[in-house]
>>> print(open('structure.txt').read())   # compact mmCIF, C-alpha atoms
# COMPACT_ATOMS: atom_id res chain seq x y z
CA MET A 1 110.46 90.48 141.42
CA ALA A 2 111.34 90.71 137.75
CA LYS A 3 114.25 92.73 136.36
CA LEU A 4 112.85 94.93 133.62
CA GLY A 5 114.36 97.59 131.39
CA PHE A 6 112.81 100.52 129.55
CA LEU A 7 114.47 102.88 127.09
CA GLY A 8 113.05 106.00 125.46
CA LEU A 9 111.13 108.35 127.76
CA GLY A 10 109.16 110.46 125.33
CA ILE A 11 105.44 111.19 125.21
CA MET A 12 104.64 107.45 125.09
CA GLY A 13 107.65 105.89 126.76
CA LEU A 14 107.58 107.92 129.96
CA PRO A 15 104.13 106.80 131.15
CA MET A 16 104.82 103.23 130.00
CA ALA A 17 108.02 103.11 132.06
CA ARG A 18 106.22 104.68 135.00
CA ASN A 19 103.62 101.89 134.91
CA LEU A 20 106.41 99.30 135.02
CA MET A 21 107.80 101.02 138.10
CA LYS A 22 104.39 100.99 139.79
CA SER A 23 104.22 97.21 139.31
CA GLY A 24 106.88 96.74 141.98
CA ASN A 25 109.47 95.22 139.66
CA GLN A 26 113.03 96.44 139.36
CA VAL A 27 113.31 98.78 136.37
CA ALA A 28 116.50 99.83 134.58
CA LEU A 29 116.02 103.11 132.69
CA TRP A 30 117.75 104.92 129.85
CA SER A 31 116.94 108.03 127.86
CA HIS A 32 118.91 110.01 125.30
CA SER A 33 118.51 112.80 127.87
CA ARG A 34 120.12 111.47 131.06
CA GLN A 35 118.13 113.98 133.13
CA LYS A 36 114.84 112.36 132.06
CA SER A 37 115.86 108.90 133.25
CA GLU A 38 117.31 110.26 136.49
CA ARG A 39 114.14 112.25 137.26
CA LEU A 40 111.96 109.20 136.63
CA ALA A 41 114.20 106.92 138.69
CA ALA A 42 113.90 109.37 141.59
CA GLU A 43 110.13 108.77 141.68
CA GLY A 44 110.57 105.33 143.24
CA ASN A 45 113.07 103.14 145.05
CA ASN A 46 112.96 100.30 142.53
CA ALA A 47 114.38 102.08 139.46
CA THR A 48 117.91 102.93 138.34
CA ALA A 49 119.04 105.26 135.55
CA TYR A 50 121.88 103.97 133.37
CA GLY A 51 124.20 105.69 130.96
CA SER A 52 123.76 103.45 127.91
CA PRO A 53 121.43 100.85 126.39
CA LYS A 54 124.17 98.27 126.92
CA GLU A 55 124.06 98.86 130.68
CA VAL A 56 120.27 98.52 130.76
CA ALA A 57 120.46 95.19 128.94
CA ALA A 58 123.10 93.92 131.35
CA ASN A 59 120.80 94.70 134.29
CA ALA A 60 117.46 93.43 132.97
CA ASP A 61 115.90 90.20 131.71
CA PHE A 62 113.05 91.81 129.75
CA ILE A 63 113.96 94.99 127.89
CA PHE A 64 111.44 97.27 126.22
CA TYR A 65 112.01 100.44 124.26
CA CYS A 66 110.01 103.08 122.43
CA VAL A 67 111.78 105.63 120.23
CA GLY A 68 110.86 107.93 117.37
CA ASP A 69 112.11 106.39 114.14
CA SER A 70 114.11 103.65 112.43
CA ALA A 71 117.49 105.31 112.90
CA MET A 72 116.91 105.71 116.63
CA SER A 73 115.79 102.11 116.95
CA ARG A 74 118.83 100.81 115.12
CA HIS A 75 121.11 102.92 117.32
CA VAL A 76 119.53 101.74 120.59
CA ALA A 77 119.44 98.09 119.56
CA ILE A 78 122.61 97.41 117.57
CA GLY A 79 124.61 100.64 117.64
CA ARG A 80 127.68 101.36 119.75
CA ASP A 81 126.92 100.47 123.40
CA GLY A 82 123.57 99.17 122.17
CA LEU A 83 121.33 96.56 123.73
CA ILE A 84 122.89 93.77 121.70
CA GLU A 85 126.20 94.32 123.49
CA GLY A 86 124.75 93.82 126.96
CA ALA A 87 121.82 91.44 126.45
CA LYS A 88 121.95 88.05 128.17
CA PRO A 89 121.14 84.83 126.28
CA ASP A 90 117.88 84.25 128.19
CA SER A 91 116.62 87.83 127.89
CA VAL A 92 113.92 89.19 125.55
CA VAL A 93 114.13 92.58 123.84
CA ALA A 94 110.93 94.12 122.46
CA ASP A 95 110.78 97.27 120.35
CA PHE A 96 107.52 99.20 120.84
CA SER A 97 108.46 101.83 118.23
CA THR A 98 106.82 102.20 114.83
CA ILE A 99 109.68 101.77 112.38
CA ALA A 100 110.29 100.30 108.93
CA PRO A 101 109.69 96.52 108.91
CA SER A 102 112.90 96.06 106.90
CA VAL A 103 114.95 97.79 109.62
CA SER A 104 113.28 95.74 112.32
CA ARG A 105 114.15 92.55 110.44
CA GLU A 106 117.74 93.77 110.18
CA ILE A 107 117.84 94.17 113.97
CA HIS A 108 116.21 90.78 114.46
CA THR A 109 118.82 89.13 112.25
CA ALA A 110 121.64 90.75 114.22
CA PHE A 111 120.17 89.52 117.51
CA GLN A 112 119.50 86.05 116.12
CA ALA A 113 123.13 85.77 115.01
CA LYS A 114 124.14 86.15 118.65
CA GLY A 115 121.51 83.74 119.96
CA LEU A 116 119.37 86.57 121.34
CA ARG A 117 115.61 87.12 121.10
CA PHE A 118 114.09 90.26 119.60
CA LEU A 119 110.44 91.22 119.01
CA ASP A 120 108.80 93.99 117.06
CA ALA A 121 105.81 95.03 119.17
CA PRO A 122 104.46 98.43 118.07
CA CYS A 123 101.57 99.75 120.11
CA THR A 124 98.55 101.97 119.63
CA GLY A 125 96.43 103.96 122.03
CA SER A 126 98.26 107.31 122.10
CA THR A 127 99.17 109.08 125.32
CA PRO A 128 95.95 108.22 127.22
CA GLY A 129 96.52 104.52 126.55
CA ALA A 130 100.14 104.73 127.63
CA THR A 131 99.18 106.54 130.83
CA GLY A 132 96.31 104.22 131.68
CA GLY A 133 98.10 101.01 130.76
CA THR A 134 95.47 100.18 128.14
CA LEU A 135 97.57 100.06 124.98
CA THR A 136 97.08 97.58 122.14
CA PHE A 137 100.18 95.72 120.94
CA MET A 138 100.87 94.02 117.61
CA ILE A 139 103.70 91.51 117.89
CA GLY A 140 106.10 90.00 115.38
CA GLY A 141 108.91 87.55 116.05
CA ASP A 142 109.34 84.27 117.90
CA GLN A 143 106.06 83.36 119.56
CA SER A 144 107.68 81.65 122.55
CA ALA A 145 109.70 84.81 123.28
CA TYR A 146 106.50 86.83 123.08
CA GLU A 147 104.67 84.50 125.47
CA LYS A 148 107.54 84.81 127.92
CA ALA A 149 107.48 88.62 127.79
CA LYS A 150 103.70 89.01 127.69
CA PRO A 151 103.05 89.04 131.48
CA HIS A 152 105.24 92.12 131.76
CA MET A 153 103.75 93.74 128.66
CA GLU A 154 100.32 93.33 130.28
CA ILE A 155 101.36 95.99 132.79
CA MET A 156 101.27 98.44 129.88
CA GLY A 157 98.48 97.11 127.67
CA LYS A 158 95.19 95.27 127.48
CA LEU A 159 94.97 93.88 123.94
CA PHE A 160 97.65 91.75 122.26
CA TYR A 161 97.76 90.42 118.72
CA TYR A 162 100.47 88.02 117.66
CA CYS A 163 100.87 88.69 113.92
CA GLY A 164 103.61 86.26 112.87
CA GLY A 165 107.33 86.34 112.23
CA PRO A 166 109.80 89.24 112.34
CA GLY A 167 108.35 92.53 111.07
CA MET A 168 104.75 91.34 110.99
CA GLY A 169 103.68 93.39 114.00
CA LEU A 170 104.95 96.46 112.18
CA HIS A 171 103.07 95.60 109.00
CA ALA A 172 99.87 95.49 111.07
CA LYS A 173 100.66 98.78 112.78
CA LEU A 174 101.47 100.60 109.55
CA THR A 175 98.19 99.37 108.06
CA GLN A 176 96.30 100.68 111.06
CA ASN A 177 97.96 104.09 110.84
CA LEU A 178 97.38 104.23 107.08
CA VAL A 179 93.64 103.82 107.72
CA LEU A 180 93.68 106.37 110.56
CA ALA A 181 95.49 108.99 108.48
CA ASN A 182 93.12 108.57 105.54
CA LEU A 183 90.08 108.75 107.85
CA MET A 184 91.47 111.95 109.33
CA MET A 185 91.85 113.56 105.92
CA ALA A 186 88.35 112.47 104.82
CA PHE A 187 86.90 114.02 107.97
CA ASN A 188 88.91 117.21 107.43
CA GLU A 189 87.61 117.58 103.88
CA GLY A 190 84.00 116.88 104.83
CA MET A 191 83.94 119.22 107.81
CA VAL A 192 85.59 122.07 105.94
CA LEU A 193 83.13 121.60 103.07
CA ALA A 194 80.11 121.54 105.40
CA THR A 195 81.32 124.55 107.35
CA LYS A 196 81.98 126.53 104.18
CA ALA A 197 78.43 125.69 103.03
CA GLY A 198 76.98 126.92 106.31
CA VAL A 199 76.29 123.72 108.24
CA GLN A 200 77.15 124.14 111.92
CA PRO A 201 80.15 121.90 112.82
CA GLU A 202 78.43 120.52 115.96
CA LEU A 203 75.41 119.50 113.89
CA MET A 204 77.55 117.91 111.19
CA LEU A 205 79.48 115.93 113.80
CA GLU A 206 76.25 114.68 115.37
CA ILE A 207 75.02 113.55 111.96
CA LEU A 208 78.27 111.69 111.30
CA ASN A 209 78.19 110.03 114.72
CA ASN A 210 74.69 108.71 114.01
CA SER A 211 75.34 107.42 110.51
CA ALA A 212 77.33 104.73 108.73
CA ALA A 213 80.17 107.28 108.55
CA LYS A 214 80.70 107.05 112.32
CA SER A 215 84.33 106.45 113.25
CA GLY A 216 85.99 105.88 116.60
CA LEU A 217 88.88 108.09 115.50
CA ILE A 218 86.59 110.96 114.55
CA SER A 219 84.45 110.66 117.68
CA TYR A 220 87.66 111.00 119.68
CA LYS A 221 89.44 113.70 117.66
CA ALA A 222 86.56 115.93 116.56
CA PRO A 223 85.90 117.56 119.97
CA TYR A 224 89.53 118.66 120.08
CA ILE A 225 89.18 120.25 116.65
CA LEU A 226 85.96 122.05 117.56
CA ASP A 227 87.65 123.34 120.74
CA ARG A 228 90.74 124.34 118.69
CA ASN A 229 92.87 122.24 121.02
CA PHE A 230 95.77 120.70 119.09
CA GLU A 231 97.84 119.59 122.07
CA THR A 232 99.75 116.48 121.06
CA ASN A 233 98.56 112.96 121.73
CA PHE A 234 100.10 111.73 118.47
CA SER A 235 102.04 114.31 116.52
CA THR A 236 101.67 115.26 112.87
CA LYS A 237 105.36 114.55 112.20
CA TRP A 238 105.15 110.97 113.50
CA MET A 239 101.98 110.17 111.57
CA HIS A 240 103.62 111.68 108.48
CA LYS A 241 106.57 109.36 109.10
CA ASP A 242 104.31 106.31 109.45
CA VAL A 243 102.31 107.11 106.30
CA GLY A 244 105.58 107.45 104.41
CA MET A 245 106.69 104.01 105.62
CA ALA A 246 103.35 102.54 104.54
CA LEU A 247 103.92 103.98 101.06
CA ASP A 248 107.44 102.55 101.01
CA THR A 249 106.06 99.14 101.97
CA GLY A 250 103.43 99.37 99.26
CA LYS A 251 106.17 100.08 96.72
CA GLN A 252 108.21 97.11 97.94
CA LEU A 253 105.20 94.78 97.74
CA GLY A 254 103.80 96.14 94.48
CA VAL A 255 100.62 97.46 96.11
CA PRO A 256 99.23 100.80 94.79
CA LEU A 257 98.13 103.19 97.57
CA PRO A 258 96.78 106.20 95.65
CA ILE A 259 94.63 107.73 98.41
CA THR A 260 97.46 107.36 100.89
CA GLY A 261 99.78 109.20 98.53
CA VAL A 262 97.57 112.29 98.62
CA THR A 263 97.18 111.99 102.39
CA GLN A 264 100.95 111.91 102.79
CA GLN A 265 101.27 115.13 100.81
CA MET A 266 98.64 116.84 102.98
CA PHE A 267 100.55 115.79 106.09
CA GLN A 268 103.70 117.15 104.45
CA ALA A 269 101.89 120.44 103.91
CA ALA A 270 100.92 120.52 107.59
CA VAL A 271 104.52 119.95 108.61
CA ALA A 272 105.65 122.71 106.24
CA LYS A 273 103.12 125.10 107.78
CA GLY A 274 104.57 124.53 111.26
CA PHE A 275 102.20 121.93 112.68
CA ALA A 276 104.77 119.13 112.98
CA ASP A 277 104.66 118.94 116.77
CA ASP A 278 100.92 119.50 117.10
CA ASP A 279 98.49 116.60 117.24
CA PHE A 280 97.80 115.15 113.80
CA CYS A 281 94.22 116.44 113.89
CA SER A 282 95.84 119.84 113.28
CA THR A 283 96.07 118.82 109.61
CA ILE A 284 92.58 120.27 109.22
CA LYS A 285 94.15 123.74 109.42
CA VAL A 286 95.74 123.25 105.99
CA LEU A 287 92.32 122.85 104.34
CA GLU A 288 90.83 125.60 106.49
CA ASP A 289 93.46 127.99 105.16
CA PHE A 290 92.64 126.98 101.58
CA ALA A 291 88.90 127.43 102.13
CA GLY A 292 89.00 130.50 104.36
CA VAL A 293 86.89 128.93 107.15
CA GLU A 294 87.52 127.55 110.62
CA VAL A 295 85.82 124.44 111.96
CA LYS A 296 84.95 125.37 115.54
CA LYS A 297 82.12 125.55 118.02
CA SER A 298 79.61 128.25 117.21
>>> encode(input="structure.txt", output="structure tokens")
Amino acid sequence: MAKLGFLGLGIMGLPMARNLMKSGNQVALWSHSRQKSERLAAEGNNATAYGSPKEVAANADFIFYCVGDSAMSRHVAIGRDGLIEGAKPDSVVADFSTIAPSVSREIHTAFQAKGLRFLDAPCTGSTPGATGGTLTFMIGGDQSAYEKAKPHMEIMGKLFYYCGGPGMGLHAKLTQNLVLANLMMAFNEGMVLATKAGVQPELMLEILNNSAAKSGLISYKAPYILDRNFETNFSTKWMHKDVGMALDTGKQLGVPLPITGVTQQMFQAAVAKGFADDDFCSTIKVLEDFAGVEVKKS
């Protein structure tokens, strides 16, 4: 029986931690909201809620966490009572969050200075993937540490891509989200245009799904839009955050990202209009307001 730790029990982290508990391993839990970790621990007899990341690290050999942004990740990993203060020399810490690669490298350097192993391992698959244990992970850091942690990560995911040294998993993840966000905006524009012209949205979607414009993202998200169901699987505010980090990375590397710049502003508009906590497909409502139409089932 392995001693595992999981921190961050949000929309992704909660089902991921629950899958670890179902595996029969011992699981140490922490959440910014103590009640969340205590409620989850009460679901089984193999989990314990702790009061700090440091305590989780002291009671686990493989520690995973998933939080909202770079500041949260830094706090959990190297802040006061952070993981770095309790981690054992033979343990592996993996961050499943999508944060700035530069911040992740900062955390890696701090761990390395103490002889500890740290991985960036952002994941994709949204809430259904987290619940079903079918997430895809992109990993950066020491490959031997990754191989050691992988059997436990396989409880939560099905596809794994080792991308290279520290921060490289995050570069892959930000690229993926950049493409997703731009695809979402292209679909929004096209569907609003077609609807305004009088083409039925269901017909337009069928045409797209049977053409070279077919997209896995659109096939998945479009039915929600047509049903006017914007319940969150991946929120507008977090995609806005990720697109912003992709732009920052492009600036650092001298790579122009003109389309992404416009997409980021449209996501900003969606946040400003109150859609921050809705699923990111809700961004279509910004263009619908401009055009005076609604893309929905007839």
>>> closest_residue(input="structure.txt", among="A:Lys297, A:Lys36, A:Asp277, A:Phe62", to="A:Leu203", atoms="only C-alpha atoms")
A:Lys297
>>> closest_residue(input="structure.txt", among="A:Ile139, A:Ile225, A:Ala94, A:Met184", to="A:Val67", atoms="only C-alpha atoms")
A:Ala94
>>> closest_residue(input="structure.txt", among="A:Phe275, A:Val76, A:Met266, A:Gly261", to="A:Phe234", atoms="all atoms listed in the file")
A:Phe275
>>> closest_residue(input="structure.txt", among="A:Met12, A:Met138, A:Cys66, A:Ile218", to="A:Leu159", atoms="only C-alpha atoms")
A:Met138
>>> atom_distance(input="structure.txt", atom1="atom CA of A:Asn233", atom2="atom CA of A:Ser126")
5.7 Å
>>> closest_residue(input="structure.txt", among="A:Phe160, A:Thr249, A:Thr134, A:Thr263", to="A:Phe187", atoms="only C-alpha atoms")
A:Thr263
>>> closest_residue(input="structure.txt", among="A:Ala2, A:Ala42, A:Leu287, A:Leu14", to="A:Gln26", atoms="only C-alpha atoms")
A:Ala2
>>> residues_around(input="structure.txt", residues="stretch 116-125 of chain A", least_positions_apart="6", cutoff="6 Å", atoms="all atoms listed in the file", output="ChimeraX atom specification")
/A:89,92-98,108,135-141,169
>>> residues_around(input="structure.txt", residues="A:Leu183", least_positions_apart="5", cutoff="12 Å", atoms="all atoms listed in the file", output="PyMOL selection string")
chain A and resi 176-178+188-190+213-219+221-222+259-260+263+280-281+283-284
>>> atom_distance(input="structure.txt", atom1="atom CA of A:Ala87", atom2="atom CA of A:Ser37")
19.7 Å
>>> residues_around(input="structure.txt", residues="stretch 101-105 of chain A", least_positions_apart="5", cutoff="7 Å", atoms="all atoms listed in the file", output="short mmCIF file (atom, residue, chain, number, x, y, z; two decimals) with C-alpha atoms, keeping the file's coordinate frame")
data_model
loop_
_atom_site.label_atom_id
_atom_site.label_comp_id
_atom_site.auth_asym_id
_atom_site.auth_seq_id
_atom_site.Cartn_x
_atom_site.Cartn_y
_atom_site.Cartn_z
CA SER A 70 114.11 103.65 112.43
CA ASP A 120 108.80 93.99 117.06
CA PRO A 166 109.80 89.24 112.34
CA GLY A 167 108.35 92.53 111.07
CA LEU A 170 104.95 96.46 112.18
CA HIS A 171 103.07 95.60 109.00
#
>>> residues_around(input="structure.txt", residues="A:Glu294", least_positions_apart="4", cutoff="10 Å", atoms="only C-alpha atoms", output="list in words")
Met191, Val192, Thr195, Lys196, Pro201, Ile225, Leu226, Arg228, Ile284, Lys285, Leu287, Glu288 and Asp289 of chain A
>>> atom_distance(input="structure.txt", atom1="atom CA of A:Leu40", atom2="atom CA of A:Arg18")
7.5 Å
